[in-house]
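Beneath this line is the structure, given in structure tokens, with notes to follow.
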Amino acid sequence: MYHQAYEVPLSPHHPFPMSKYPLLKARLLAEKIISSGDLVEPPPLNMTWLELVHTRDYLHKLSSSTLSAAEIRRLGLPWSEALWQRSLLAASGTLTAARAALSDGLAANLAGGTHHAFADHGEGFCVLNDVALALTVLRTEGTIHRGVVIDLDVHQGNGTAAIFEQEDAIYTFSMHGERNYPIAKMRSNLDVPLRDGLGDAEYLDQVATHLSVALDQAAPEIAFYLAGVDVVAGDRYGRLALSESGVAQRDRFVIETVRGRGIPLVIVLAGGYAATRERTAELHTHAFRAAAEYERETALRQALPSAL
Ligand SMILES: [Zn+2]
């Protein structure tokens, strides 16, 4: 899923790398990880669905552009009608990707993973909680009953954890920097706090241990993977020390493990704040490359006669 409106112009000095969306799309096409035929534009979001996750009061403030100055500061992005439209489209992209994953096994949104959005407020660059919305719509429709959120962005998925805290059928798993934002952590089903400066080996070990536990306990019919790349050494808002190869290994492991169990998988971007927007986009390609390779290898295996 991709839409050109995913990018809303921001000041070049703003820390949020808004241009990573078109840069990532261009790179995926240039490296032939995806073809232009793979790019689907999400439809406008059915607005009544938003009330399944967000409060009427918050939605009213968003749709009428009446957030207070303090609320906009907490959000961390300058408010605009374009940002509102972008938030709606990105949420639609995740929901549409989820429907595609349920029919095809694997799909992605070239945006999304806005996990700091709570039912009644936005923060940390997140307006709407796209993953919570997609899961809730699918459950309300009766399309799925159980789901899992695999949140490997370096920041805790506090909004998602809070939204689903009382909801046993949705299992939230978050691995995140213990001393990083958000300082007040919410309670996921499985929280794995990580120490500052953690490197590849220990990190990948933790992913392997806890992903199995999460999938066993969740028994999900769909999985959402927040493949944030702010775990990489030198990230402006991260405190971990993964290498680029470590991120590639992580993405491949998650995709192989989830798809190996036959669980439909939706990949969303979440965060990434490398030194340049180009670098951030480059780091995000690993999840897509791993997904494309996994699909290709699986198709090849299935094409081989069983006698071989
Ligand atoms: Zn993050």
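Here, A, B, ... name the chains of the structure tokens in the order displayed, residue numbers run from 1 inside each chain, and ligands are numbered from 1 in the same displayed order.
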List as JSON, numbers by chain the protein and nucleic acid residues near Ala91 (chain A), meaning an atom at most 12 Å away when only C-alpha atoms are counted, but skip any in the same chain fewer than 3 places from it. {"A": [1, 2, 3, 6, 41, 42, 43, 44, 45, 46, 47, 49, 50, 53, 84, 85, 86, 87, 88, 94, 95, 96, 97, 98, 109, 110, 111, 112, 113, 114, 115, 117, 126, 127, 128, 129, 130, 131, 132, 133, 134, 135, 137, 268]}
- Task: Please run DSSP on the backbone and report, as a VMD selection string, all residues within region 24-262 of chain A that come out as strand (DSSP E or B).
- Result: chain A and resid 106 to 108 123 126 147 to 151 170 to 177 190 to 194 223 to 226 232 242
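Candidate residues A:Arg195, A:Pro220, A:Arg179, A:Gln156 were compared for distance to ligand 1, and the nearest is A:Gln156, using only C-alpha atoms and all ligand atoms.
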Residues near Asp151 (chain A), cut-off 8 Å, only C-alpha atoms, skip fewer than 4 positions along chain, as a PDB file with N, CA, C and O atoms, in the first residue's frame:
ATOM      1  N   GLN A 156       8.552   1.825  23.135  1.00  0.00           N
ATOM      2  CA  GLN A 156       7.434   0.952  23.506  1.00  0.00           C
ATOM      3  C   GLN A 156       6.153   1.359  22.764  1.00  0.00           C
ATOM      4  O   GLN A 156       5.867   2.564  22.628  1.00  0.00           O
ATOM      5  N   GLY A 157       5.384   0.379  22.346  1.00  0.00           N
ATOM      6  CA  GLY A 157       4.092   0.639  21.719  1.00  0.00           C
ATOM      7  C   GLY A 157       3.070   0.966  22.791  1.00  0.00           C
ATOM      8  O   GLY A 157       2.120   0.220  23.029  1.00  0.00           O
ATOM      9  N   THR A 172      -0.302  -8.111  22.672  1.00  0.00           N
ATOM     10  CA  THR A 172       0.679  -7.081  22.320  1.00  0.00           C
ATOM     11  C   THR A 172       2.061  -7.462  22.857  1.00  0.00           C
ATOM     12  O   THR A 172       2.220  -7.775  24.037  1.00  0.00           O
ATOM     13  N   PHE A 173       3.033  -7.450  21.976  1.00  0.00           N
ATOM     14  CA  PHE A 173       4.421  -7.804  22.302  1.00  0.00           C
ATOM     15  C   PHE A 173       5.297  -6.631  21.879  1.00  0.00           C
ATOM     16  O   PHE A 173       5.272  -6.221  20.716  1.00  0.00           O
ATOM     17  N   SER A 174       6.034  -6.080  22.819  1.00  0.00           N
ATOM     18  CA  SER A 174       6.880  -4.927  22.522  1.00  0.00           C
ATOM     19  C   SER A 174       8.276  -5.131  23.101  1.00  0.00           C
ATOM     20  O   SER A 174       8.427  -5.421  24.290  1.00  0.00           O
ATOM     21  N   MET A 175       9.300  -5.002  22.249  1.00  0.00           N
ATOM     22  CA  MET A 175      10.692  -4.981  22.711  1.00  0.00           C
ATOM     23  C   MET A 175      11.188  -3.563  22.505  1.00  0.00           C
ATOM     24  O   MET A 175      11.065  -3.027  21.399  1.00  0.00           O
ATOM     25  N   PHE A 224       0.802  -8.415  13.038  1.00  0.00           N
ATOM     26  CA  PHE A 224       1.273  -7.113  12.545  1.00  0.00           C
ATOM     27  C   PHE A 224       2.702  -6.935  13.055  1.00  0.00           C
ATOM     28  O   PHE A 224       2.938  -7.025  14.254  1.00  0.00           O
ATOM     29  N   TYR A 225       3.613  -6.653  12.127  1.00  0.00           N
ATOM     30  CA  TYR A 225       5.013  -6.465  12.488  1.00  0.00           C
ATOM     31  C   TYR A 225       5.393  -4.989  12.310  1.00  0.00           C
ATOM     32  O   TYR A 225       5.396  -4.478  11.198  1.00  0.00           O
ATOM     33  N   LEU A 226       5.693  -4.321  13.429  1.00  0.00           N
ATOM     34  CA  LEU A 226       6.181  -2.945  13.383  1.00  0.00           C
ATOM     35  C   LEU A 226       7.701  -3.004  13.290  1.00  0.00           C
ATOM     36  O   LEU A 226       8.389  -3.239  14.279  1.00  0.00           O
ATOM     37  N   ALA A 227       8.194  -2.820  12.056  1.00  0.00           N
ATOM     38  CA  ALA A 227       9.612  -3.062  11.766  1.00  0.00           C
ATOM     39  C   ALA A 227      10.430  -1.778  11.895  1.00  0.00           C
ATOM     40  O   ALA A 227      11.195  -1.425  10.997  1.00  0.00           O
ATOM     41  N   GLY A 228      10.280  -1.079  12.990  1.00  0.00           N
ATOM     42  CA  GLY A 228      11.020   0.178  13.199  1.00  0.00           C
ATOM     43  C   GLY A 228      12.520  -0.045  13.078  1.00  0.00           C
ATOM     44  O   GLY A 228      13.040  -1.056  13.552  1.00  0.00           O
TER      45      GLY A 228
END
Check region 91-137 of chain A with DSSP on the backbone and list each residue it calls alpha helix (DSSP H), as a PyMOL selection string.
chain A and resi 91-104+130-137
Generate the output file for the selected residues, N, CA, C and O atoms, as a short mmCIF file (atom, residue, chain, number, x, y, z; two decimals), in the first residue's frame.
data_model
loop_
_atom_site.label_atom_id
_atom_site.label_comp_id
_atom_site.auth_asym_id
_atom_site.auth_seq_id
_atom_site.Cartn_x
_atom_site.Cartn_y
_atom_site.Cartn_z
N ALA A 91 -3.80 4.97 7.87
CA ALA A 91 -4.58 3.97 8.62
C ALA A 91 -5.33 3.06 7.65
O ALA A 91 -5.39 1.84 7.84
N SER A 92 -5.87 3.65 6.60
CA SER A 92 -6.55 2.84 5.59
C SER A 92 -5.56 1.88 4.92
O SER A 92 -5.89 0.73 4.62
N GLY A 93 -4.33 2.36 4.71
CA GLY A 93 -3.30 1.51 4.10
C GLY A 93 -3.01 0.28 4.94
O GLY A 93 -2.86 -0.83 4.41
N THR A 94 -2.95 0.45 6.24
CA THR A 94 -2.68 -0.71 7.11
C THR A 94 -3.87 -1.67 7.12
O THR A 94 -3.69 -2.90 7.07
N LEU A 95 -5.07 -1.14 7.17
CA LEU A 95 -6.25 -2.01 7.14
C LEU A 95 -6.34 -2.75 5.80
O LEU A 95 -6.61 -3.96 5.76
N THR A 96 -6.08 -2.04 4.71
CA THR A 96 -6.14 -2.67 3.39
C THR A 96 -5.04 -3.73 3.25
O THR A 96 -5.27 -4.80 2.67
N ALA A 97 -3.87 -3.43 3.79
CA ALA A 97 -2.78 -4.42 3.78
C ALA A 97 -3.18 -5.65 4.59
O ALA A 97 -2.87 -6.79 4.22
N ALA A 98 -3.88 -5.43 5.69
CA ALA A 98 -4.31 -6.57 6.52
C ALA A 98 -5.27 -7.46 5.75
O ALA A 98 -5.18 -8.70 5.81
N ARG A 99 -6.18 -6.86 5.03
CA ARG A 99 -7.12 -7.67 4.22
C ARG A 99 -6.35 -8.45 3.15
O ARG A 99 -6.64 -9.61 2.87
N ALA A 100 -5.35 -7.79 2.55
CA ALA A 100 -4.54 -8.47 1.53
C ALA A 100 -3.75 -9.62 2.16
O ALA A 100 -3.63 -10.69 1.56
N ALA A 101 -3.21 -9.40 3.35
CA ALA A 101 -2.45 -10.46 4.01
C ALA A 101 -3.34 -11.66 4.32
O ALA A 101 -2.92 -12.81 4.19
N LEU A 102 -4.58 -11.39 4.71
CA LEU A 102 -5.49 -12.50 5.03
C LEU A 102 -5.81 -13.33 3.78
O LEU A 102 -6.03 -14.53 3.89
N SER A 103 -5.77 -12.70 2.62
CA SER A 103 -6.04 -13.50 1.41
C SER A 103 -4.75 -14.03 0.77
O SER A 103 -4.74 -15.12 0.23
N ASP A 104 -3.64 -13.28 0.87
CA ASP A 104 -2.42 -13.68 0.17
C ASP A 104 -1.30 -14.18 1.08
O ASP A 104 -0.29 -14.67 0.59
N ASP A 130 -3.02 3.07 13.68
CA ASP A 130 -3.43 2.30 12.50
C ASP A 130 -3.55 0.80 12.77
O ASP A 130 -4.50 0.15 12.30
N VAL A 131 -2.61 0.24 13.51
CA VAL A 131 -2.63 -1.20 13.76
C VAL A 131 -3.81 -1.57 14.67
O VAL A 131 -4.52 -2.54 14.43
N ALA A 132 -4.03 -0.75 15.70
CA ALA A 132 -5.18 -1.01 16.59
C ALA A 132 -6.48 -0.91 15.80
O ALA A 132 -7.41 -1.70 16.00
N LEU A 133 -6.53 0.05 14.91
CA LEU A 133 -7.75 0.23 14.11
C LEU A 133 -7.99 -0.98 13.20
O LEU A 133 -9.10 -1.52 13.15
N ALA A 134 -6.93 -1.41 12.50
CA ALA A 134 -7.10 -2.55 11.59
C ALA A 134 -7.55 -3.79 12.36
O ALA A 134 -8.49 -4.49 11.95
N LEU A 135 -6.90 -4.06 13.48
CA LEU A 135 -7.26 -5.25 14.27
C LEU A 135 -8.71 -5.16 14.77
O LEU A 135 -9.45 -6.14 14.74
N THR A 136 -9.10 -3.98 15.21
CA THR A 136 -10.43 -3.81 15.78
C THR A 136 -11.51 -3.92 14.70
O THR A 136 -12.56 -4.53 14.92
N VAL A 137 -11.24 -3.34 13.53
CA VAL A 137 -12.22 -3.45 12.43
C VAL A 137 -12.37 -4.91 12.03
O VAL A 137 -13.50 -5.42 11.90
#
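Between CA of Ala281 (chain A) and CA of Ser19 (chain A) the separation is 8.7 Å.
Neighbouring residues of ligand 1 at a cut-off of 9 Å, counting only C-alpha atoms and all ligand atoms, are A:Thr114, A:His115, A:His116, A:Gly124, A:Leu152, A:Asp153, A:Val154, A:His155, A:Gln156, A:Gly157, A:His176, A:Tyr181, A:Gly228, A:Val229, A:Asp230, A:Val231, A:Tyr237, A:Gly238, A:Ala270, A:Gly271, A:Gly272, A:Tyr273.
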Could you save the residues just selected, with N, CA and C atoms, as a compact mmCIF listing (two decimals), in the first residue's frame?
# COMPACT_ATOMS: atom_id res chain seq x y z
N THR A 114 1.96 3.62 13.76
CA THR A 114 1.89 4.81 14.62
C THR A 114 1.37 4.39 16.01
N HIS A 115 2.27 3.75 16.73
CA HIS A 115 1.92 3.03 17.96
C HIS A 115 1.86 3.89 19.22
N HIS A 116 2.21 5.18 19.09
CA HIS A 116 2.10 6.06 20.28
C HIS A 116 0.74 6.77 20.33
N GLY A 124 4.21 11.62 20.15
CA GLY A 124 5.35 10.98 19.49
C GLY A 124 5.18 10.79 18.00
N LEU A 152 8.72 -4.14 17.23
CA LEU A 152 10.16 -4.11 17.46
C LEU A 152 10.77 -2.74 17.18
N ASP A 153 9.92 -1.73 17.07
CA ASP A 153 10.41 -0.36 17.09
C ASP A 153 11.12 -0.17 18.44
N VAL A 154 12.11 0.73 18.48
CA VAL A 154 12.90 0.85 19.70
C VAL A 154 12.11 1.49 20.85
N HIS A 155 10.97 2.11 20.51
CA HIS A 155 10.13 2.74 21.55
C HIS A 155 8.95 1.85 21.87
N GLN A 156 8.55 1.82 23.14
CA GLN A 156 7.43 0.95 23.51
C GLN A 156 6.15 1.36 22.76
N GLY A 157 5.38 0.38 22.35
CA GLY A 157 4.09 0.64 21.72
C GLY A 157 3.07 0.97 22.79
N HIS A 176 11.74 -2.95 23.56
CA HIS A 176 12.04 -1.52 23.47
C HIS A 176 13.11 -1.11 24.47
N TYR A 181 12.07 6.94 25.53
CA TYR A 181 10.68 7.36 25.42
C TYR A 181 9.82 6.15 25.06
N GLY A 228 10.28 -1.08 12.99
CA GLY A 228 11.02 0.18 13.20
C GLY A 228 12.52 -0.05 13.08
N VAL A 229 13.18 0.91 12.44
CA VAL A 229 14.64 0.78 12.26
C VAL A 229 15.41 1.73 13.19
N ASP A 230 14.70 2.24 14.21
CA ASP A 230 15.39 3.12 15.15
C ASP A 230 16.18 2.35 16.21
N VAL A 231 16.36 1.03 15.98
CA VAL A 231 17.22 0.21 16.83
C VAL A 231 18.68 0.28 16.38
N TYR A 237 16.93 8.97 17.88
CA TYR A 237 16.07 8.73 19.04
C TYR A 237 16.21 7.32 19.63
N GLY A 238 17.15 6.56 19.12
CA GLY A 238 17.34 5.21 19.65
C GLY A 238 18.51 5.23 20.62
N ALA A 270 6.75 1.90 11.13
CA ALA A 270 7.12 2.49 12.42
C ALA A 270 8.33 3.42 12.25
N GLY A 271 9.15 3.58 13.30
CA GLY A 271 10.12 4.68 13.31
C GLY A 271 11.48 4.38 12.70
N GLY A 272 12.23 5.45 12.51
CA GLY A 272 13.58 5.37 11.98
C GLY A 272 14.08 6.79 11.80
N TYR A 273 15.18 7.12 12.47
CA TYR A 273 15.67 8.50 12.49
C TYR A 273 17.18 8.52 12.30
The residue from A:Pro12, A:Lys185, A:Arg289, A:Leu215 with the smallest atom-to-atom distance to Gly260 (chain A), counting only C-alpha atoms, is A:Leu215
ask   = Could you name the residues that touch Ile72 (chain A) at 12 Å or less, counting only C-alpha atoms, but leaving out those on the same chain fewer than 4 positions away, as a PyMOL selection string?
value = chain A and resi 61-62+65-68+76-80+83+121-127
Residues from the last selection, all heavy atoms, saved as a compact mmCIF listing (two decimals), in the first residue's frame:
# COMPACT_ATOMS: atom_id res chain seq x y z
N LYS A 61 -11.72 16.85 17.71
CA LYS A 61 -10.62 17.82 17.69
C LYS A 61 -9.78 17.67 16.42
O LYS A 61 -9.33 18.66 15.83
CB LYS A 61 -9.71 17.62 18.91
CG LYS A 61 -10.33 18.08 20.21
CD LYS A 61 -9.36 17.78 21.34
CE LYS A 61 -9.99 18.01 22.69
NZ LYS A 61 -9.13 17.50 23.78
N LEU A 62 -9.57 16.44 15.99
CA LEU A 62 -8.77 16.21 14.78
C LEU A 62 -9.50 16.72 13.54
O LEU A 62 -8.92 17.43 12.71
CB LEU A 62 -8.48 14.71 14.62
CG LEU A 62 -7.61 14.06 15.70
CD1 LEU A 62 -7.51 12.55 15.46
CD2 LEU A 62 -6.20 14.66 15.70
N SER A 65 -9.80 20.49 13.49
CA SER A 65 -8.53 21.22 13.71
C SER A 65 -8.59 22.08 14.97
O SER A 65 -8.22 23.26 14.94
CB SER A 65 -8.18 22.10 12.50
OG SER A 65 -7.81 21.31 11.40
N THR A 66 -9.06 21.48 16.05
CA THR A 66 -9.16 22.25 17.30
C THR A 66 -8.32 21.64 18.42
O THR A 66 -8.66 21.76 19.60
CB THR A 66 -10.63 22.38 17.74
OG1 THR A 66 -11.24 21.08 17.74
CG2 THR A 66 -11.42 23.29 16.83
N LEU A 67 -7.24 20.96 18.05
CA LEU A 67 -6.31 20.49 19.09
C LEU A 67 -5.70 21.72 19.76
O LEU A 67 -5.45 22.74 19.09
CB LEU A 67 -5.18 19.67 18.46
CG LEU A 67 -5.51 18.30 17.89
CD1 LEU A 67 -4.32 17.77 17.09
CD2 LEU A 67 -5.89 17.31 18.98
N SER A 68 -5.46 21.64 21.06
CA SER A 68 -4.83 22.77 21.76
C SER A 68 -3.34 22.82 21.41
O SER A 68 -2.78 21.84 20.90
CB SER A 68 -5.00 22.60 23.27
OG SER A 68 -4.20 21.50 23.71
N GLY A 76 4.02 16.44 18.37
CA GLY A 76 5.36 16.61 17.81
C GLY A 76 5.37 16.92 16.33
O GLY A 76 6.44 16.95 15.71
N LEU A 77 4.21 17.14 15.72
CA LEU A 77 4.12 17.49 14.31
C LEU A 77 3.25 18.73 14.17
O LEU A 77 2.24 18.84 14.88
CB LEU A 77 3.48 16.35 13.49
CG LEU A 77 4.27 15.05 13.35
CD1 LEU A 77 3.38 13.96 12.77
CD2 LEU A 77 5.50 15.25 12.47
N PRO A 78 3.59 19.64 13.27
CA PRO A 78 2.72 20.81 13.09
C PRO A 78 1.38 20.37 12.52
O PRO A 78 1.34 19.55 11.58
CB PRO A 78 3.50 21.67 12.08
CG PRO A 78 4.48 20.77 11.43
CD PRO A 78 4.77 19.65 12.39
N TRP A 79 0.29 20.85 13.08
CA TRP A 79 -1.02 20.39 12.65
C TRP A 79 -1.42 21.02 11.33
O TRP A 79 -1.17 22.19 11.09
CB TRP A 79 -2.09 20.68 13.71
CG TRP A 79 -3.39 20.07 13.27
CD1 TRP A 79 -4.49 20.69 12.79
CD2 TRP A 79 -3.66 18.67 13.21
NE1 TRP A 79 -5.44 19.76 12.44
CE2 TRP A 79 -4.96 18.52 12.68
CE3 TRP A 79 -2.92 17.51 13.54
CZ2 TRP A 79 -5.54 17.26 12.47
CZ3 TRP A 79 -3.50 16.27 13.34
CH2 TRP A 79 -4.80 16.16 12.82
N SER A 80 -2.04 20.23 10.45
CA SER A 80 -2.56 20.75 9.19
C SER A 80 -3.63 19.79 8.69
O SER A 80 -3.68 18.63 9.11
CB SER A 80 -1.44 20.85 8.14
OG SER A 80 -0.97 19.56 7.80
N LEU A 83 -2.05 16.83 7.20
CA LEU A 83 -1.60 15.80 8.16
C LEU A 83 -2.77 14.91 8.57
O LEU A 83 -2.63 13.70 8.73
CB LEU A 83 -0.97 16.47 9.38
CG LEU A 83 -0.44 15.48 10.43
CD1 LEU A 83 0.72 14.66 9.89
CD2 LEU A 83 0.01 16.22 11.69
N HIS A 121 -5.74 10.54 22.62
CA HIS A 121 -4.75 11.58 22.26
C HIS A 121 -3.65 10.99 21.39
O HIS A 121 -3.44 9.78 21.36
CB HIS A 121 -4.15 12.24 23.51
CG HIS A 121 -3.17 11.38 24.24
ND1 HIS A 121 -3.54 10.49 25.22
CD2 HIS A 121 -1.82 11.25 24.11
CE1 HIS A 121 -2.46 9.87 25.69
NE2 HIS A 121 -1.40 10.30 25.03
N GLY A 122 -2.95 11.90 20.71
CA GLY A 122 -1.79 11.50 19.92
C GLY A 122 -0.53 12.00 20.58
O GLY A 122 -0.55 12.98 21.32
N GLU A 123 0.59 11.31 20.34
CA GLU A 123 1.88 11.78 20.82
C GLU A 123 2.98 11.12 19.99
O GLU A 123 2.71 10.20 19.21
CB GLU A 123 2.07 11.48 22.32
CG GLU A 123 2.01 10.00 22.68
CD GLU A 123 2.24 9.74 24.17
OE1 GLU A 123 1.39 10.14 24.97
OE2 GLU A 123 3.28 9.14 24.51
N GLY A 124 4.21 11.62 20.15
CA GLY A 124 5.35 10.98 19.49
C GLY A 124 5.18 10.79 18.00
O GLY A 124 5.47 9.70 17.49
N PHE A 125 4.72 11.79 17.30
CA PHE A 125 4.53 11.78 15.83
C PHE A 125 3.37 10.89 15.38
O PHE A 125 3.27 10.57 14.20
CB PHE A 125 5.81 11.33 15.08
CG PHE A 125 7.07 12.07 15.42
CD1 PHE A 125 8.29 11.41 15.51
CD2 PHE A 125 7.06 13.44 15.61
CE1 PHE A 125 9.46 12.09 15.81
CE2 PHE A 125 8.23 14.14 15.91
CZ PHE A 125 9.44 13.45 16.02
N CYS A 126 2.52 10.42 16.30
CA CYS A 126 1.46 9.47 15.94
C CYS A 126 0.08 10.07 16.20
O CYS A 126 -0.24 10.44 17.33
CB CYS A 126 1.59 8.20 16.77
SG CYS A 126 3.17 7.34 16.52
N VAL A 127 -0.75 10.16 15.16
CA VAL A 127 -2.09 10.74 15.27
C VAL A 127 -3.14 9.66 15.53
O VAL A 127 -3.89 9.72 16.50
CB VAL A 127 -2.43 11.52 13.97
CG1 VAL A 127 -3.84 12.11 14.06
CG2 VAL A 127 -1.41 12.63 13.72
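Non-sequential neighbours of Arg27 (chain A) (distance at most 10 Å, separation of 3 or more positions within a chain, only C-alpha atoms) are Tyr21, Pro22, Leu23, Leu24, Ala30, Glu31, Lys32, Ile33, Ile34, Glu278, Ala281, Glu282, His284 and Thr285 of chain A.
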If you count only C-alpha atoms, which residues fall within 8 Å of Ile255 (chain A), apart from same-chain ones fewer than 2 positions away, as number ranges by chain? A: 251-253, 257-260, 265, 290-291, 294
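Across the model, the gap from CA of Leu75 (chain A) to CA of Leu59 (chain A) is 14.2 Å.
Comparing the minimum interatomic distances between Val232 (chain A) and each of A:Gly177, A:Pro15, A:Gly147, A:Pro264, counting only C-alpha atoms, we find that A:Gly177 sits nearest.
Take the candidates A:Val254, A:Leu304, A:Ala162, A:Ala233 and check each one against Leu211 (chain A) using only C-alpha atoms; the shortest distance goes to A:Val254.
Taking only C-alpha atoms into account, Ala241 (chain A) lies nearest to A:Asp196 out of the set A:Asp196, A:Glu256, A:Arg279, A:Asp205.
In this structure, CA of Arg187 (chain A) sits 5.8 Å away from CA of Ala161 (chain A).
Nearest-residue note for Lys20 (chain A): choosing from A:Thr48, A:Gln206, A:Thr140, A:Thr280, the minimum distance belongs to A:Thr280, counting only C-alpha atoms.
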